[in-house]
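Okay, run-v2.cif now, which holds mmCIF, C-alpha atoms, pLDDT in the B column; chains and numbers go by the auth columns:
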```
data_model
loop_
_atom_site.group_PDB
_atom_site.id
_atom_site.type_symbol
_atom_site.label_atom_id
_atom_site.label_comp_id
_atom_site.label_asym_id
_atom_site.label_seq_id
_atom_site.Cartn_x
_atom_site.Cartn_y
_atom_site.Cartn_z
_atom_site.B_iso_or_equiv
_atom_site.auth_seq_id
_atom_site.auth_asym_id
ATOM 1 C CA MET A 1 33.817 -297.392 208.933 45.00 124 A
ATOM 2 C CA SER A 2 32.288 -299.909 211.355 54.00 125 A
ATOM 3 C CA ASN A 3 30.722 -297.151 213.456 63.00 126 A
ATOM 4 C CA VAL A 4 28.745 -295.705 210.558 68.00 127 A
ATOM 5 C CA ARG A 5 25.006 -296.287 210.970 78.00 128 A
ATOM 6 C CA SER A 6 22.997 -297.609 208.060 80.00 129 A
ATOM 7 C CA ASP A 7 19.433 -296.379 207.746 87.00 130 A
ATOM 8 C CA LYS A 8 16.491 -298.699 208.135 91.00 131 A
ATOM 9 C CA PRO A 9 12.911 -298.239 206.982 93.00 132 A
ATOM 10 C CA PHE A 10 10.354 -296.576 209.218 95.00 133 A
ATOM 11 C CA VAL A 11 7.786 -299.337 209.680 95.00 134 A
ATOM 12 C CA LEU A 12 4.549 -299.246 211.670 95.00 135 A
ATOM 13 C CA ALA A 13 2.078 -302.128 211.765 93.00 136 A
ATOM 14 C CA GLY A 14 3.776 -303.757 208.795 93.00 137 A
ATOM 15 C CA ARG A 15 3.647 -300.665 206.591 95.00 138 A
ATOM 16 C CA THR A 16 6.691 -298.641 205.509 96.00 139 A
ATOM 17 C CA PHE A 17 6.577 -294.841 205.499 97.00 140 A
ATOM 18 C CA GLU A 18 8.915 -292.398 203.791 96.00 141 A
ATOM 19 C CA SER A 19 8.214 -289.423 206.063 97.00 142 A
ATOM 20 C CA ARG A 20 9.304 -289.576 209.702 98.00 143 A
ATOM 21 C CA LEU A 21 7.129 -286.592 210.599 98.00 144 A
ATOM 22 C CA LEU A 22 3.656 -287.275 212.001 98.00 145 A
ATOM 23 C CA VAL A 23 1.332 -284.318 212.459 97.00 146 A
ATOM 24 C CA GLY A 24 -1.873 -283.478 214.280 94.00 147 A
ATOM 25 C CA THR A 25 -4.938 -281.914 212.748 92.00 148 A
ATOM 26 C CA GLY A 26 -6.214 -279.602 215.498 89.00 149 A
ATOM 27 C CA LYS A 27 -5.787 -275.919 216.331 91.00 150 A
ATOM 28 C CA TYR A 28 -5.698 -274.597 212.743 93.00 151 A
ATOM 29 C CA VAL A 29 -7.890 -271.635 211.792 92.00 152 A
ATOM 30 C CA ASP A 30 -9.871 -273.654 209.251 91.00 153 A
ATOM 31 C CA MET A 31 -9.874 -276.799 207.141 91.00 154 A
ATOM 32 C CA GLU A 32 -8.010 -275.152 204.272 92.00 155 A
ATOM 33 C CA GLN A 33 -5.106 -274.104 206.471 95.00 156 A
ATOM 34 C CA THR A 34 -5.064 -277.631 207.894 94.00 157 A
ATOM 35 C CA ARG A 35 -4.815 -279.095 204.411 94.00 158 A
ATOM 36 C CA LEU A 36 -2.084 -276.721 203.214 96.00 159 A
ATOM 37 C CA ALA A 37 0.105 -276.973 206.336 97.00 160 A
ATOM 38 C CA ILE A 38 -0.026 -280.762 206.398 96.00 161 A
ATOM 39 C CA GLU A 39 0.656 -280.921 202.686 96.00 162 A
ATOM 40 C CA ALA A 40 3.714 -278.687 203.174 98.00 163 A
ATOM 41 C CA SER A 41 4.965 -280.919 206.001 98.00 164 A
ATOM 42 C CA GLY A 42 5.164 -283.950 203.749 97.00 165 A
ATOM 43 C CA ALA A 43 3.623 -286.060 206.517 97.00 166 A
ATOM 44 C CA GLU A 44 1.991 -289.339 205.539 97.00 167 A
ATOM 45 C CA ILE A 45 0.435 -290.040 208.948 97.00 168 A
ATOM 46 C CA VAL A 46 -2.019 -287.579 210.478 96.00 169 A
ATOM 47 C CA THR A 47 -3.434 -288.020 213.943 95.00 170 A
ATOM 48 C CA VAL A 48 -7.028 -287.109 214.717 93.00 171 A
ATOM 49 C CA ALA A 49 -8.754 -286.618 218.066 91.00 172 A
ATOM 50 C CA VAL A 50 -11.834 -288.797 217.666 86.00 173 A
ATOM 51 C CA ARG A 51 -13.692 -287.070 220.502 80.00 174 A
ATOM 52 C CA ARG A 52 -13.200 -283.621 218.980 77.00 175 A
ATOM 53 C CA THR A 53 -13.205 -284.180 215.227 80.00 176 A
ATOM 54 C CA ASN A 54 -15.920 -285.212 212.810 74.00 177 A
ATOM 55 C CA LEU A 55 -14.886 -288.299 210.861 77.00 178 A
ATOM 56 C CA GLY A 56 -18.411 -288.949 209.669 68.00 179 A
ATOM 57 C CA GLN A 57 -20.095 -289.534 213.014 69.00 180 A
ATOM 58 C CA ASN A 58 -21.808 -286.115 212.745 73.00 181 A
ATOM 59 C CA PRO A 59 -23.658 -285.986 209.394 76.00 182 A
ATOM 60 C CA GLY A 60 -24.063 -282.507 207.949 75.00 183 A
ATOM 61 C CA GLU A 61 -20.935 -281.109 209.643 78.00 184 A
ATOM 62 C CA PRO A 62 -17.582 -280.545 207.880 79.00 185 A
ATOM 63 C CA ASN A 63 -15.735 -283.851 207.685 81.00 186 A
ATOM 64 C CA LEU A 64 -11.948 -283.800 208.119 84.00 187 A
ATOM 65 C CA LEU A 65 -11.638 -286.748 205.758 85.00 188 A
ATOM 66 C CA ASP A 66 -12.844 -284.517 202.911 85.00 189 A
ATOM 67 C CA VAL A 67 -9.594 -282.484 203.070 87.00 190 A
ATOM 68 C CA LEU A 68 -7.325 -285.284 204.342 90.00 191 A
ATOM 69 C CA PRO A 69 -8.551 -288.295 202.367 89.00 192 A
ATOM 70 C CA PRO A 70 -7.622 -291.752 203.726 90.00 193 A
ATOM 71 C CA ASP A 71 -6.415 -292.833 200.296 90.00 194 A
ATOM 72 C CA ARG A 72 -3.642 -290.228 200.576 93.00 195 A
ATOM 73 C CA TYR A 73 -2.967 -290.138 204.324 95.00 196 A
ATOM 74 C CA THR A 74 -2.839 -292.782 207.022 95.00 197 A
ATOM 75 C CA ILE A 75 -5.363 -291.615 209.587 94.00 198 A
ATOM 76 C CA LEU A 76 -4.155 -292.213 213.144 96.00 199 A
ATOM 77 C CA PRO A 77 -7.109 -291.801 215.521 94.00 200 A
ATOM 78 C CA ASN A 78 -6.137 -290.771 219.029 95.00 201 A
ATOM 79 C CA THR A 79 -7.840 -290.740 222.404 96.00 202 A
ATOM 80 C CA ALA A 80 -7.065 -287.120 223.300 93.00 203 A
ATOM 81 C CA GLY A 81 -9.418 -285.871 225.980 92.00 204 A
ATOM 82 C CA CYS A 82 -9.713 -289.249 227.698 95.00 205 A
ATOM 83 C CA PHE A 83 -8.908 -289.412 231.415 96.00 206 A
ATOM 84 C CA GLY A 84 -9.493 -293.094 232.087 97.00 207 A
ATOM 85 C CA ALA A 85 -8.801 -296.478 230.543 97.00 208 A
ATOM 86 C CA ILE A 86 -12.456 -297.383 229.943 97.00 209 A
ATOM 87 C CA GLU A 87 -13.104 -294.134 228.094 97.00 210 A
ATOM 88 C CA ALA A 88 -9.956 -294.536 225.980 97.00 211 A
ATOM 89 C CA VAL A 89 -10.809 -298.112 224.991 97.00 212 A
ATOM 90 C CA ARG A 90 -14.344 -297.081 224.027 96.00 213 A
ATOM 91 C CA THR A 91 -12.945 -294.269 221.867 95.00 214 A
ATOM 92 C CA CYS A 92 -10.592 -296.640 220.026 96.00 215 A
ATOM 93 C CA ARG A 93 -13.471 -299.011 219.306 95.00 216 A
ATOM 94 C CA LEU A 94 -15.475 -296.116 217.846 93.00 217 A
ATOM 95 C CA ALA A 95 -12.508 -295.085 215.705 92.00 218 A
ATOM 96 C CA ARG A 96 -12.212 -298.598 214.303 93.00 219 A
ATOM 97 C CA GLU A 97 -15.863 -298.492 213.290 91.00 220 A
ATOM 98 C CA LEU A 98 -15.520 -295.071 211.650 87.00 221 A
ATOM 99 C CA LEU A 99 -12.359 -296.050 209.740 88.00 222 A
ATOM 100 C CA ASP A 100 -13.592 -299.318 208.251 87.00 223 A
ATOM 101 C CA GLY A 101 -11.985 -301.668 210.727 89.00 224 A
ATOM 102 C CA LYS A 102 -8.474 -300.237 210.731 91.00 225 A
ATOM 103 C CA ASN A 103 -6.592 -301.146 213.903 95.00 226 A
ATOM 104 C CA LEU A 104 -3.913 -298.435 214.119 96.00 227 A
ATOM 105 C CA VAL A 105 -4.550 -296.096 217.074 97.00 228 A
ATOM 106 C CA LYS A 106 -2.689 -293.643 219.243 97.00 229 A
ATOM 107 C CA LEU A 107 -3.468 -294.194 222.904 98.00 230 A
ATOM 108 C CA GLU A 108 -3.231 -291.310 225.320 96.00 231 A
ATOM 109 C CA VAL A 109 -4.825 -291.279 228.755 97.00 232 A
ATOM 110 C CA LEU A 110 -4.366 -287.960 230.510 96.00 233 A
ATOM 111 C CA ALA A 111 -3.989 -287.240 234.204 94.00 234 A
ATOM 112 C CA ASP A 112 -5.460 -283.738 234.403 92.00 235 A
ATOM 113 C CA GLN A 113 -6.466 -280.719 232.328 91.00 236 A
ATOM 114 C CA LYS A 114 -3.712 -278.434 233.625 92.00 237 A
ATOM 115 C CA THR A 115 -0.646 -280.462 232.622 92.00 238 A
ATOM 116 C CA LEU A 116 -2.107 -282.994 230.146 91.00 239 A
ATOM 117 C CA PHE A 117 0.527 -285.306 231.593 93.00 240 A
ATOM 118 C CA PRO A 118 -0.106 -289.000 230.918 95.00 241 A
ATOM 119 C CA ASN A 119 -1.754 -291.119 233.571 97.00 242 A
ATOM 120 C CA VAL A 120 0.558 -294.087 233.194 97.00 243 A
ATOM 121 C CA ILE A 121 -1.506 -296.424 235.400 97.00 244 A
ATOM 122 C CA GLU A 122 -4.623 -295.964 233.269 97.00 245 A
ATOM 123 C CA THR A 123 -2.490 -296.040 230.115 98.00 246 A
ATOM 124 C CA LEU A 124 -1.123 -299.473 231.035 98.00 247 A
ATOM 125 C CA LYS A 125 -4.641 -300.762 231.720 98.00 248 A
ATOM 126 C CA ALA A 126 -5.965 -299.486 228.399 98.00 249 A
ATOM 127 C CA ALA A 127 -2.966 -300.779 226.455 98.00 250 A
ATOM 128 C CA GLU A 128 -3.486 -304.315 227.771 98.00 251 A
ATOM 129 C CA VAL A 129 -7.129 -304.352 226.670 98.00 252 A
ATOM 130 C CA LEU A 130 -6.481 -302.810 223.255 98.00 253 A
ATOM 131 C CA VAL A 131 -3.597 -305.126 222.388 98.00 254 A
ATOM 132 C CA LYS A 132 -5.736 -308.152 223.321 98.00 255 A
ATOM 133 C CA GLU A 133 -8.485 -306.808 221.031 97.00 256 A
ATOM 134 C CA GLY A 134 -6.110 -306.672 218.080 97.00 257 A
ATOM 135 C CA PHE A 135 -5.354 -302.964 217.961 97.00 258 A
ATOM 136 C CA ASP A 136 -1.957 -301.713 216.780 97.00 259 A
ATOM 137 C CA VAL A 137 -1.253 -299.361 219.668 98.00 260 A
ATOM 138 C CA MET A 138 1.071 -296.378 219.491 98.00 261 A
ATOM 139 C CA VAL A 139 1.176 -295.033 223.021 98.00 262 A
ATOM 140 C CA TYR A 140 1.790 -291.571 224.483 97.00 263 A
ATOM 141 C CA THR A 141 3.584 -291.861 227.802 96.00 264 A
ATOM 142 C CA SER A 142 5.930 -290.182 230.237 96.00 265 A
ATOM 143 C CA ASP A 143 9.693 -290.255 229.707 95.00 266 A
ATOM 144 C CA ASP A 144 10.036 -292.973 232.360 96.00 267 A
ATOM 145 C CA PRO A 145 12.167 -295.795 230.873 96.00 268 A
ATOM 146 C CA ILE A 146 10.519 -298.427 233.081 96.00 269 A
ATOM 147 C CA ILE A 147 6.999 -297.531 231.936 97.00 270 A
ATOM 148 C CA ALA A 148 8.233 -297.451 228.337 97.00 271 A
ATOM 149 C CA ARG A 149 9.619 -300.964 228.749 96.00 272 A
ATOM 150 C CA GLN A 150 6.369 -302.242 230.257 97.00 273 A
ATOM 151 C CA LEU A 151 4.293 -300.782 227.412 98.00 274 A
ATOM 152 C CA ALA A 152 6.558 -302.432 224.860 97.00 275 A
ATOM 153 C CA GLU A 153 6.281 -305.751 226.716 97.00 276 A
ATOM 154 C CA ILE A 154 2.473 -305.490 226.648 97.00 277 A
ATOM 155 C CA GLY A 155 2.700 -305.341 222.857 97.00 278 A
ATOM 156 C CA CYS A 156 2.445 -301.679 221.881 98.00 279 A
ATOM 157 C CA ILE A 157 3.968 -301.182 218.422 98.00 280 A
ATOM 158 C CA ALA A 158 5.487 -297.771 219.187 98.00 281 A
ATOM 159 C CA ILE A 159 6.403 -295.875 222.358 98.00 282 A
ATOM 160 C CA MET A 160 5.804 -292.117 222.263 97.00 283 A
ATOM 161 C CA PRO A 161 7.373 -290.386 225.286 97.00 284 A
ATOM 162 C CA LEU A 162 6.781 -286.690 225.761 95.00 285 A
ATOM 163 C CA ALA A 163 9.691 -284.312 225.248 93.00 286 A
ATOM 164 C CA GLY A 164 7.805 -281.584 227.099 90.00 287 A
ATOM 165 C CA LEU A 165 4.194 -280.977 228.101 91.00 288 A
ATOM 166 C CA ILE A 166 1.616 -281.035 225.303 91.00 289 A
ATOM 167 C CA GLY A 167 1.438 -277.651 223.594 89.00 290 A
ATOM 168 C CA SER A 168 4.238 -276.176 225.722 92.00 291 A
ATOM 169 C CA GLY A 169 6.835 -275.757 222.977 91.00 292 A
ATOM 170 C CA LEU A 170 9.572 -276.257 225.577 92.00 293 A
ATOM 171 C CA GLY A 171 11.561 -278.654 223.416 93.00 294 A
ATOM 172 C CA ILE A 172 13.484 -281.697 224.634 94.00 295 A
ATOM 173 C CA CYS A 173 13.381 -281.227 228.407 94.00 296 A
ATOM 174 C CA ASN A 174 15.086 -284.483 229.405 92.00 297 A
ATOM 175 C CA PRO A 175 17.277 -285.902 226.634 93.00 298 A
ATOM 176 C CA TYR A 176 18.936 -288.315 229.063 95.00 299 A
ATOM 177 C CA ASN A 177 15.750 -290.257 229.818 95.00 300 A
ATOM 178 C CA LEU A 178 14.991 -290.348 226.099 95.00 301 A
ATOM 179 C CA GLN A 179 18.423 -291.836 225.452 95.00 302 A
ATOM 180 C CA ILE A 180 17.779 -294.616 227.968 96.00 303 A
ATOM 181 C CA ILE A 181 14.397 -295.368 226.382 97.00 304 A
ATOM 182 C CA LEU A 182 16.007 -295.451 222.942 96.00 305 A
ATOM 183 C CA GLU A 183 18.719 -297.835 224.122 95.00 306 A
ATOM 184 C CA GLU A 184 16.368 -300.250 225.885 93.00 307 A
ATOM 185 C CA THR A 185 13.208 -300.245 223.763 92.00 308 A
ATOM 186 C CA LYS A 186 12.992 -302.693 220.869 92.00 309 A
ATOM 187 C CA VAL A 187 10.020 -301.021 219.140 96.00 310 A
ATOM 188 C CA PRO A 188 10.053 -297.608 217.405 97.00 311 A
ATOM 189 C CA VAL A 189 10.364 -294.611 219.736 97.00 312 A
ATOM 190 C CA LEU A 190 8.762 -291.343 218.611 97.00 313 A
ATOM 191 C CA VAL A 191 8.932 -288.034 220.446 96.00 314 A
ATOM 192 C CA ASP A 192 5.396 -286.852 221.112 94.00 315 A
ATOM 193 C CA ALA A 193 4.638 -283.435 222.635 91.00 316 A
ATOM 194 C CA GLY A 194 6.868 -280.504 223.541 91.00 317 A
ATOM 195 C CA VAL A 195 8.352 -279.641 220.146 96.00 318 A
ATOM 196 C CA GLY A 196 8.243 -275.880 219.578 96.00 319 A
ATOM 197 C CA THR A 197 10.395 -275.221 216.546 97.00 320 A
ATOM 198 C CA ALA A 198 12.468 -276.934 213.886 97.00 321 A
ATOM 199 C CA SER A 199 15.612 -277.315 216.011 97.00 322 A
ATOM 200 C CA ASP A 200 13.638 -279.308 218.616 97.00 323 A
ATOM 201 C CA ALA A 201 12.583 -281.802 215.947 97.00 324 A
ATOM 202 C CA THR A 202 16.146 -282.060 214.695 98.00 325 A
ATOM 203 C CA ILE A 203 17.476 -282.772 218.196 97.00 326 A
ATOM 204 C CA ALA A 204 14.888 -285.512 218.701 97.00 327 A
ATOM 205 C CA MET A 205 15.982 -287.168 215.473 97.00 328 A
ATOM 206 C CA GLU A 206 19.688 -286.735 216.272 97.00 329 A
ATOM 207 C CA LEU A 207 19.107 -288.643 219.515 96.00 330 A
ATOM 208 C CA GLY A 208 17.944 -291.584 217.427 96.00 331 A
ATOM 209 C CA CYS A 209 14.152 -291.321 217.516 97.00 332 A
ATOM 210 C CA GLU A 210 12.429 -293.087 214.651 97.00 333 A
ATOM 211 C CA ALA A 211 10.087 -290.145 214.090 97.00 334 A
ATOM 212 C CA VAL A 212 8.507 -287.067 215.664 98.00 335 A
ATOM 213 C CA LEU A 213 4.846 -286.240 216.181 97.00 336 A
ATOM 214 C CA MET A 214 3.679 -282.650 216.594 96.00 337 A
ATOM 215 C CA ASN A 215 0.667 -280.386 216.241 95.00 338 A
ATOM 216 C CA SER A 216 0.937 -277.081 218.132 95.00 339 A
ATOM 217 C CA ALA A 217 4.412 -276.283 216.819 96.00 340 A
ATOM 218 C CA ILE A 218 2.984 -276.055 213.310 97.00 341 A
ATOM 219 C CA ALA A 219 -0.594 -274.940 213.965 96.00 342 A
ATOM 220 C CA HIS A 220 0.387 -272.156 216.387 96.00 343 A
ATOM 221 C CA ALA A 221 3.261 -270.804 214.290 97.00 344 A
ATOM 222 C CA GLN A 222 2.753 -267.362 212.783 97.00 345 A
ATOM 223 C CA ASP A 223 2.897 -269.044 209.376 98.00 346 A
ATOM 224 C CA PRO A 224 1.767 -272.668 209.817 97.00 347 A
ATOM 225 C CA ILE A 225 2.316 -273.560 206.175 98.00 348 A
ATOM 226 C CA LEU A 226 5.906 -272.350 206.198 98.00 349 A
ATOM 227 C CA MET A 227 6.513 -274.035 209.559 98.00 350 A
ATOM 228 C CA GLY A 228 5.135 -277.279 208.184 98.00 351 A
ATOM 229 C CA ALA A 229 7.765 -277.150 205.449 98.00 352 A
ATOM 230 C CA ALA A 230 10.457 -276.243 208.007 98.00 353 A
ATOM 231 C CA MET A 231 9.567 -279.272 210.124 98.00 354 A
ATOM 232 C CA LYS A 232 9.788 -281.531 207.084 98.00 355 A
ATOM 233 C CA HIS A 233 13.394 -280.471 206.493 98.00 356 A
ATOM 234 C CA ALA A 234 14.250 -280.464 210.216 98.00 357 A
ATOM 235 C CA VAL A 235 13.294 -284.113 210.602 98.00 358 A
ATOM 236 C CA ILE A 236 15.204 -285.094 207.475 97.00 359 A
ATOM 237 C CA ALA A 237 18.306 -283.180 208.631 98.00 360 A
ATOM 238 C CA GLY A 238 18.145 -284.699 212.107 97.00 361 A
ATOM 239 C CA ARG A 239 17.895 -288.216 210.744 97.00 362 A
ATOM 240 C CA MET A 240 20.839 -287.631 208.387 97.00 363 A
ATOM 241 C CA ALA A 241 22.943 -286.190 211.218 97.00 364 A
ATOM 242 C CA TYR A 242 22.106 -289.193 213.434 96.00 365 A
ATOM 243 C CA LEU A 243 23.201 -291.582 210.698 96.00 366 A
ATOM 244 C CA ALA A 244 26.342 -289.559 209.940 95.00 367 A
ATOM 245 C CA GLY A 245 27.462 -289.415 213.577 94.00 368 A
ATOM 246 C CA ARG A 246 28.484 -286.111 215.097 91.00 369 A
ATOM 247 C CA MET A 247 32.076 -285.152 215.818 91.00 370 A
ATOM 248 C CA PRO A 248 33.329 -285.679 219.404 92.00 371 A
ATOM 249 C CA ARG A 249 32.888 -282.798 221.822 90.00 372 A
ATOM 250 C CA LYS A 250 36.183 -281.271 222.948 90.00 373 A
ATOM 251 C CA LEU A 251 36.960 -278.877 225.758 91.00 374 A
ATOM 252 C CA TYR A 252 39.659 -277.032 223.799 91.00 375 A
ATOM 253 C CA ALA A 253 40.044 -275.810 220.251 87.00 376 A
ATOM 254 C CA SER A 254 41.301 -278.039 217.476 79.00 377 A
ATOM 255 C CA ALA A 255 42.609 -276.452 214.282 74.00 378 A
ATOM 256 C CA SER A 256 40.631 -277.301 211.158 73.00 379 A
ATOM 257 C CA SER A 257 43.816 -277.369 209.087 68.00 380 A
ATOM 258 C CA PRO A 258 46.838 -279.479 210.080 66.00 381 A
ATOM 259 C CA LEU A 259 49.972 -277.660 211.290 62.00 382 A
ATOM 260 C CA ASP A 260 52.418 -280.213 209.812 65.00 383 A
ATOM 261 C CA GLY A 261 54.323 -278.894 206.829 63.00 384 A
ATOM 262 C CA LEU A 262 53.398 -275.261 207.551 65.00 385 A
ATOM 263 C CA ILE A 263 55.634 -272.778 205.702 64.00 386 A
ATOM 264 C CA ARG A 264 57.797 -270.950 208.232 64.00 387 A
#
```
Written form, structure tokens:
Amino acid sequence: MSNVRSDKPFVLAGRTFESRLLVGTGKYVDMEQTRLAIEASGAEIVTVAVRRTNLGQNPGEPNLLDVLPPDRYTILPNTAGCFGAIEAVRTCRLARELLDGKNLVKLEVLADQKTLFPNVIETLKAAEVLVKEGFDVMVYTSDDPIIARQLAEIGCIAIMPLAGLIGSGLGICNPYNLQIILEETKVPVLVDAGVGTASDATIAMELGCEAVLMNSAIAHAQDPILMGAAMKHAVIAGRMAYLAGRMPRKLYASASSPLDGLIR
């Protein structure tokens, strides 16, 4: 039984989480649907685009924290919409002010509006500054194993390579690069972007990812609340399958029942 994997806690910035599903808060039809879908997902960590969401910086407007209270959820502010390191760093500083000095952030620095692909050069610059300023940086990046290694060496607490382009729903486009990142990276690896349906989340977890982050796959489903629940079970199933270890692939058939002792 030496090959059997034992589970380990999912820990970020010194805190242990039960759910390995992280969810975004954008693209829902209203605040109530946001609340219900996230509740159904069982997620404990919700990521919020600081530049697009009111966390109290706009008095008199609906505040997301009223439906997703910080005493129930860990709020993960992100730098979505930032296209340079300076802008991303400034956004993280604002988030820390709005969230009473909390240091956990999700860094993403984008290259362009069409692909929303990460600008890894600017991401590396921003990560260096944020880590030095005491932030706990979870970082969205490409599926390049070398960049992933460099971000971990800088001090990011989690590496979040894309599985596919943001909002594309294409699923795990390059599982081989993800496997290399998983083998070489000593900090948690979370798939971020590209998940379209429950089976995509399960595959990510079966590969050995610590967790999965998604938004569009739930928010753009025909029934976001039901999809939130589906994603909860998909992540759990994928983690269990990873721990159990799949059977070997074989080119030819292998009978389920032994032939020895068959009555003739």
Given the PyMOL selection byres ((chain A and resi 272) around 10), the residues it picks as number ranges by chain: A: 267-271, 273-277, 279, 282, 304, 307-310
Test item: residues at most 6 Å from A:Val171, all atoms listed in the file, excluding those fewer than 3 positions along its chain, as a ChimeraX atom specification: /A:148,200-201
Selection result for the PyMOL selection byres ((chain A and resi 356) around 10) on this file, as a list in words: Leu144, Ser164, Gly165, Ala321, Ala324, Thr325, Met350, Gly351, Ala352, Ala353, Met354, Lys355, Ala357, Val358, Ile359, Ala360, Gly361 and Arg362 of chain A
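In this structure, atom CA of A:Pro298 sits 7.8 Å away from atom CA of A:Leu330.
Distance check against A:Val314 using only C-alpha atoms: of A:Leu135, A:Arg143, A:Leu159, A:Thr176, the minimum falls on A:Arg143.
Running the PyMOL selection byres ((chain A and resi 195) around 12) on this file leaves Arg158, Ile161, Glu162, Gly165, Ala166, Glu167, Ile168, Val169, Leu188, Asp189, Val190, Leu191, Pro192, Pro193, Asp194, Tyr196, Thr197 and Ile198 of chain A selected.
Computed from the coordinates, the atom CA of A:Gly147 to atom CA of A:Ala218 distance equals 15.8 Å.
Using all atoms listed in the file, the shortest contact distance between A:Met261 and any of A:Lys229, A:Arg372, A:Lys237, A:Arg128 is found at A:Lys229.
Comparing A:Ala376, A:Ile295, A:Leu313, A:Ala364 by their smallest distance to A:Val146, the closest is A:Leu313 (using only C-alpha atoms).
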Distance query 12 Å from (20.1, -298.2, 206.6) using only C-alpha atoms, result as a PyMOL selection string: chain A and resi 127-133+362-363+365-367
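You will find atom CA of A:Ala163 at 9.2 Å from atom CA of A:Pro347.
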Cut-off 12 Å around (-8.3, -293.7, 234.3) with all atoms listed in the file: residues as a ChimeraX atom specification: /A:204-212,231-235,241-250
